[in-house]
$ cat upload-v4.tsv   # TSV, C-alpha atoms
chain	number	residue	atom	x	y	z
B	1	MET	CA	-105.48	94.38	-124.15
B	2	LYS	CA	-103.48	92.91	-121.30
B	3	GLN	CA	-102.43	89.27	-121.79
B	4	VAL	CA	-101.15	86.54	-119.50
B	5	THR	CA	-97.34	86.35	-119.70
B	6	GLN	CA	-95.21	83.20	-119.98
B	7	GLU	CA	-94.26	83.56	-116.32
B	8	GLU	CA	-97.92	83.84	-115.31
B	9	THR	CA	-98.77	80.84	-117.48
B	10	GLN	CA	-96.13	78.85	-115.61
B	11	GLU	CA	-97.75	79.91	-112.33
B	12	LEU	CA	-101.06	78.54	-113.63
B	13	PHE	CA	-99.38	75.24	-114.54
B	14	ASN	CA	-97.92	75.11	-111.03
B	15	LEU	CA	-101.37	75.68	-109.56
B	16	VAL	CA	-102.85	72.86	-111.63
B	17	GLU	CA	-100.01	70.51	-110.68
B	18	ARG	CA	-100.49	71.29	-106.98
B	19	HIS	CA	-104.05	70.08	-107.36
B	20	ALA	CA	-102.85	66.68	-108.61
B	21	ILE	CA	-103.90	67.07	-112.23
B	22	LYS	CA	-101.27	64.75	-113.66
B	23	TYR	CA	-102.16	64.45	-117.35
B	24	TYR	CA	-100.42	67.10	-119.41
B	25	ASP	CA	-103.18	67.40	-122.01
B	26	VAL	CA	-105.71	68.07	-119.22
B	27	GLN	CA	-103.32	70.59	-117.63
B	28	ILE	CA	-103.03	72.45	-120.94
B	29	GLU	CA	-106.81	72.70	-121.30
B	30	ILE	CA	-107.30	73.95	-117.75
B	31	VAL	CA	-104.49	76.50	-118.02
B	32	ASP	CA	-105.87	77.73	-121.34
B	33	HIS	CA	-109.35	78.24	-119.90
B	34	TYR	CA	-107.95	79.85	-116.76
B	35	ALA	CA	-105.76	82.26	-118.75
B	36	SER	CA	-108.64	83.20	-121.04
B	37	ALA	CA	-110.88	83.91	-118.05
B	38	ILE	CA	-108.20	86.11	-116.48
B	39	GLU	CA	-107.81	88.05	-119.74
B	40	GLU	CA	-111.59	88.56	-119.87
B	41	ILE	CA	-111.48	90.06	-116.37
B	42	TRP	CA	-108.66	92.35	-117.49
B	43	GLU	CA	-110.82	93.68	-120.33
B	44	ASN	CA	-113.03	95.34	-117.70
B	45	GLU	CA	-110.45	95.78	-114.95
B	46	PRO	CA	-107.02	96.25	-116.57
B	47	ASP	CA	-105.40	97.43	-113.35
B	48	LEU	CA	-106.29	94.25	-111.44
B	49	SER	CA	-103.19	92.23	-110.60
B	50	PHE	CA	-102.63	88.74	-111.96
B	51	LEU	CA	-102.86	87.29	-108.46
B	52	GLU	CA	-106.18	89.00	-107.73
B	53	ALA	CA	-107.63	87.92	-111.09
B	54	GLN	CA	-106.38	84.39	-110.49
B	55	LYS	CA	-108.01	84.29	-107.04
B	56	ARG	CA	-111.29	85.52	-108.49
B	57	ILE	CA	-111.33	82.83	-111.16
B	58	TYR	CA	-110.37	80.15	-108.66
B	59	ARG	CA	-113.22	81.12	-106.31
B	60	GLU	CA	-115.79	81.44	-109.09
B	61	PHE	CA	-115.07	78.54	-111.41
B	62	TRP	CA	-112.57	75.93	-110.35
B	63	ASP	CA	-113.00	73.04	-108.00
B	64	PHE	CA	-110.02	70.83	-108.81
B	65	LYS	CA	-111.17	68.14	-106.39
B	66	THR	CA	-114.02	67.24	-108.74
B	67	LEU	CA	-111.74	66.63	-111.72
$ encode --input "upload-v4.tsv" --output "structure tokens"
Amino acid sequence: MKQVTQEETQELFNLVERHAIKYYDVQIEIVDHYASAIEEIWENEPDLSFLEAQKRIYREFWDFKTL
């Protein structure tokens, strides 16, 4: 199964930081959930790029403004 790399994990942290989530423990939880959701997508669509999977998760699940 395809897994999120360290570089991709850093990209997720950057995304969270851009949305003004300042507490590290909250960032870790969000990144963990985000990465897990991306890996679930890859189970069914292993050829989907990280960026496309990330966009899909962002559109479907995350509204950082409500956090």
$ closest_residue --input "upload-v4.tsv" --among "B:Ala35, B:Tyr58, B:Asp25, B:Trp42" --to "Glu7 of chain B" --atoms "all atoms listed in the file"
B:Ala35
$ atom_distance --input "upload-v4.tsv" --atom1 "atom CA of Pro46 of chain B" --atom2 "atom CA of Lys2 of chain B"
6.8 Å
$ atom_distance --input "upload-v4.tsv" --atom1 "atom CA of Asn14 of chain B" --atom2 "atom CA of Ser49 of chain B"
17.9 Å
$ closest_residue --input "upload-v4.tsv" --among "B:Ile41, B:Val26, B:Ala53, B:Val31" --to "Met1 of chain B" --atoms "only C-alpha atoms"
B:Ile41
$ atom_distance --input "upload-v4.tsv" --atom1 "atom CA of Phe50 of chain B" --atom2 "atom CA of Ala37 of chain B"
11.3 Å
$ closest_residue --input "upload-v4.tsv" --among "B:Glu60, B:Glu52, B:Glu39, B:Asp47" --to "Thr5 of chain B" --atoms "all atoms listed in the file"
B:Glu39
$ closest_residue --input "upload-v4.tsv" --among "B:Gln3, B:His19, B:Lys55, B:Thr9" --to "Asp32 of chain B" --atoms "all atoms listed in the file"
B:Thr9
$ residues_around --input "upload-v4.tsv" --residues "Leu51 of chain B" --least-positions-apart "3" --cutoff "10 Å" --atoms "only C-alpha atoms" --output "JSON, numbers by chain"
{"B": [8, 11, 38, 48, 54, 55, 56, 57]}
$ closest_residue --input "upload-v4.tsv" --among "B:Tyr34, B:Arg18, B:Asn44, B:Tyr23" --to "Arg59 of chain B" --atoms "all atoms listed in the file"
B:Tyr34
$ build_atoms --input "upload-v4.tsv" --residues "segment 42-63 of chain B" --atoms "N, CA, C and O atoms" --output "PDB file, keeping the file's coordinate frame"
ATOM      1  N   TRP B  42    -109.509  91.189-117.210  1.00  0.00           N
ATOM      2  CA  TRP B  42    -108.660  92.350-117.490  1.00  0.00           C
ATOM      3  C   TRP B  42    -109.272  93.292-118.521  1.00  0.00           C
ATOM      4  O   TRP B  42    -108.927  94.466-118.560  1.00  0.00           O
ATOM      5  N   GLU B  43    -110.161  92.795-119.373  1.00  0.00           N
ATOM      6  CA  GLU B  43    -110.820  93.680-120.330  1.00  0.00           C
ATOM      7  C   GLU B  43    -111.605  94.761-119.592  1.00  0.00           C
ATOM      8  O   GLU B  43    -111.656  95.906-120.043  1.00  0.00           O
ATOM      9  N   ASN B  44    -112.223  94.394-118.481  1.00  0.00           N
ATOM     10  CA  ASN B  44    -113.030  95.340-117.700  1.00  0.00           C
ATOM     11  C   ASN B  44    -112.256  95.978-116.561  1.00  0.00           C
ATOM     12  O   ASN B  44    -112.619  97.065-116.110  1.00  0.00           O
ATOM     13  N   GLU B  45    -111.232  95.286-116.083  1.00  0.00           N
ATOM     14  CA  GLU B  45    -110.450  95.780-114.950  1.00  0.00           C
ATOM     15  C   GLU B  45    -108.952  95.619-115.235  1.00  0.00           C
ATOM     16  O   GLU B  45    -108.286  94.776-114.637  1.00  0.00           O
ATOM     17  N   PRO B  46    -108.411  96.423-116.147  1.00  0.00           N
ATOM     18  CA  PRO B  46    -107.020  96.250-116.570  1.00  0.00           C
ATOM     19  C   PRO B  46    -105.982  96.481-115.474  1.00  0.00           C
ATOM     20  O   PRO B  46    -104.859  96.002-115.595  1.00  0.00           O
ATOM     21  N   ASP B  47    -106.349  97.168-114.419  1.00  0.00           N
ATOM     22  CA  ASP B  47    -105.400  97.430-113.350  1.00  0.00           C
ATOM     23  C   ASP B  47    -105.375  96.336-112.284  1.00  0.00           C
ATOM     24  O   ASP B  47    -104.538  96.372-111.379  1.00  0.00           O
ATOM     25  N   LEU B  48    -106.263  95.351-112.398  1.00  0.00           N
ATOM     26  CA  LEU B  48    -106.290  94.250-111.440  1.00  0.00           C
ATOM     27  C   LEU B  48    -105.039  93.401-111.612  1.00  0.00           C
ATOM     28  O   LEU B  48    -104.635  93.086-112.742  1.00  0.00           O
ATOM     29  N   SER B  49    -104.411  93.030-110.519  1.00  0.00           N
ATOM     30  CA  SER B  49    -103.190  92.230-110.600  1.00  0.00           C
ATOM     31  C   SER B  49    -103.510  90.807-111.057  1.00  0.00           C
ATOM     32  O   SER B  49    -104.651  90.333-110.947  1.00  0.00           O
ATOM     33  N   PHE B  50    -102.479  90.132-111.555  1.00  0.00           N
ATOM     34  CA  PHE B  50    -102.630  88.740-111.960  1.00  0.00           C
ATOM     35  C   PHE B  50    -103.111  87.897-110.791  1.00  0.00           C
ATOM     36  O   PHE B  50    -104.032  87.092-110.933  1.00  0.00           O
ATOM     37  N   LEU B  51    -102.508  88.087-109.634  1.00  0.00           N
ATOM     38  CA  LEU B  51    -102.860  87.290-108.460  1.00  0.00           C
ATOM     39  C   LEU B  51    -104.328  87.497-108.072  1.00  0.00           C
ATOM     40  O   LEU B  51    -105.043  86.537-107.780  1.00  0.00           O
ATOM     41  N   GLU B  52    -104.787  88.730-108.083  1.00  0.00           N
ATOM     42  CA  GLU B  52    -106.180  89.000-107.730  1.00  0.00           C
ATOM     43  C   GLU B  52    -107.135  88.404-108.774  1.00  0.00           C
ATOM     44  O   GLU B  52    -108.181  87.850-108.421  1.00  0.00           O
ATOM     45  N   ALA B  53    -106.795  88.515-110.042  1.00  0.00           N
ATOM     46  CA  ALA B  53    -107.630  87.920-111.090  1.00  0.00           C
ATOM     47  C   ALA B  53    -107.640  86.400-110.957  1.00  0.00           C
ATOM     48  O   ALA B  53    -108.686  85.762-111.095  1.00  0.00           O
ATOM     49  N   GLN B  54    -106.484  85.834-110.667  1.00  0.00           N
ATOM     50  CA  GLN B  54    -106.380  84.390-110.490  1.00  0.00           C
ATOM     51  C   GLN B  54    -107.248  83.927-109.313  1.00  0.00           C
ATOM     52  O   GLN B  54    -107.967  82.942-109.424  1.00  0.00           O
ATOM     53  N   LYS B  55    -107.196  84.643-108.208  1.00  0.00           N
ATOM     54  CA  LYS B  55    -108.010  84.290-107.040  1.00  0.00           C
ATOM     55  C   LYS B  55    -109.497  84.364-107.377  1.00  0.00           C
ATOM     56  O   LYS B  55    -110.272  83.514-106.939  1.00  0.00           O
ATOM     57  N   ARG B  56    -109.882  85.369-108.127  1.00  0.00           N
ATOM     58  CA  ARG B  56    -111.290  85.520-108.490  1.00  0.00           C
ATOM     59  C   ARG B  56    -111.764  84.333-109.325  1.00  0.00           C
ATOM     60  O   ARG B  56    -112.830  83.776-109.083  1.00  0.00           O
ATOM     61  N   ILE B  57    -110.964  83.954-110.303  1.00  0.00           N
ATOM     62  CA  ILE B  57    -111.330  82.830-111.160  1.00  0.00           C
ATOM     63  C   ILE B  57    -111.383  81.551-110.341  1.00  0.00           C
ATOM     64  O   ILE B  57    -112.298  80.738-110.486  1.00  0.00           O
ATOM     65  N   TYR B  58    -110.413  81.356-109.485  1.00  0.00           N
ATOM     66  CA  TYR B  58    -110.370  80.150-108.660  1.00  0.00           C
ATOM     67  C   TYR B  58    -111.632  80.044-107.811  1.00  0.00           C
ATOM     68  O   TYR B  58    -112.255  78.991-107.747  1.00  0.00           O
ATOM     69  N   ARG B  59    -112.022  81.128-107.172  1.00  0.00           N
ATOM     70  CA  ARG B  59    -113.220  81.120-106.310  1.00  0.00           C
ATOM     71  C   ARG B  59    -114.497  80.907-107.126  1.00  0.00           C
ATOM     72  O   ARG B  59    -115.417  80.239-106.680  1.00  0.00           O
ATOM     73  N   GLU B  60    -114.554  81.478-108.314  1.00  0.00           N
ATOM     74  CA  GLU B  60    -115.790  81.440-109.090  1.00  0.00           C
ATOM     75  C   GLU B  60    -115.972  80.152-109.897  1.00  0.00           C
ATOM     76  O   GLU B  60    -117.088  79.678-110.043  1.00  0.00           O
ATOM     77  N   PHE B  61    -114.886  79.598-110.414  1.00  0.00           N
ATOM     78  CA  PHE B  61    -115.070  78.540-111.410  1.00  0.00           C
ATOM     79  C   PHE B  61    -114.427  77.196-111.101  1.00  0.00           C
ATOM     80  O   PHE B  61    -114.915  76.180-111.561  1.00  0.00           O
ATOM     81  N   TRP B  62    -113.334  77.159-110.405  1.00  0.00           N
ATOM     82  CA  TRP B  62    -112.570  75.930-110.350  1.00  0.00           C
ATOM     83  C   TRP B  62    -112.701  75.202-109.039  1.00  0.00           C
ATOM     84  O   TRP B  62    -112.506  75.744-107.981  1.00  0.00           O
ATOM     85  N   ASP B  63    -113.018  73.943-109.140  1.00  0.00           N
ATOM     86  CA  ASP B  63    -113.000  73.040-108.000  1.00  0.00           C
ATOM     87  C   ASP B  63    -112.202  71.814-108.462  1.00  0.00           C
ATOM     88  O   ASP B  63    -112.760  70.862-108.991  1.00  0.00           O
TER      89      ASP B  63
END
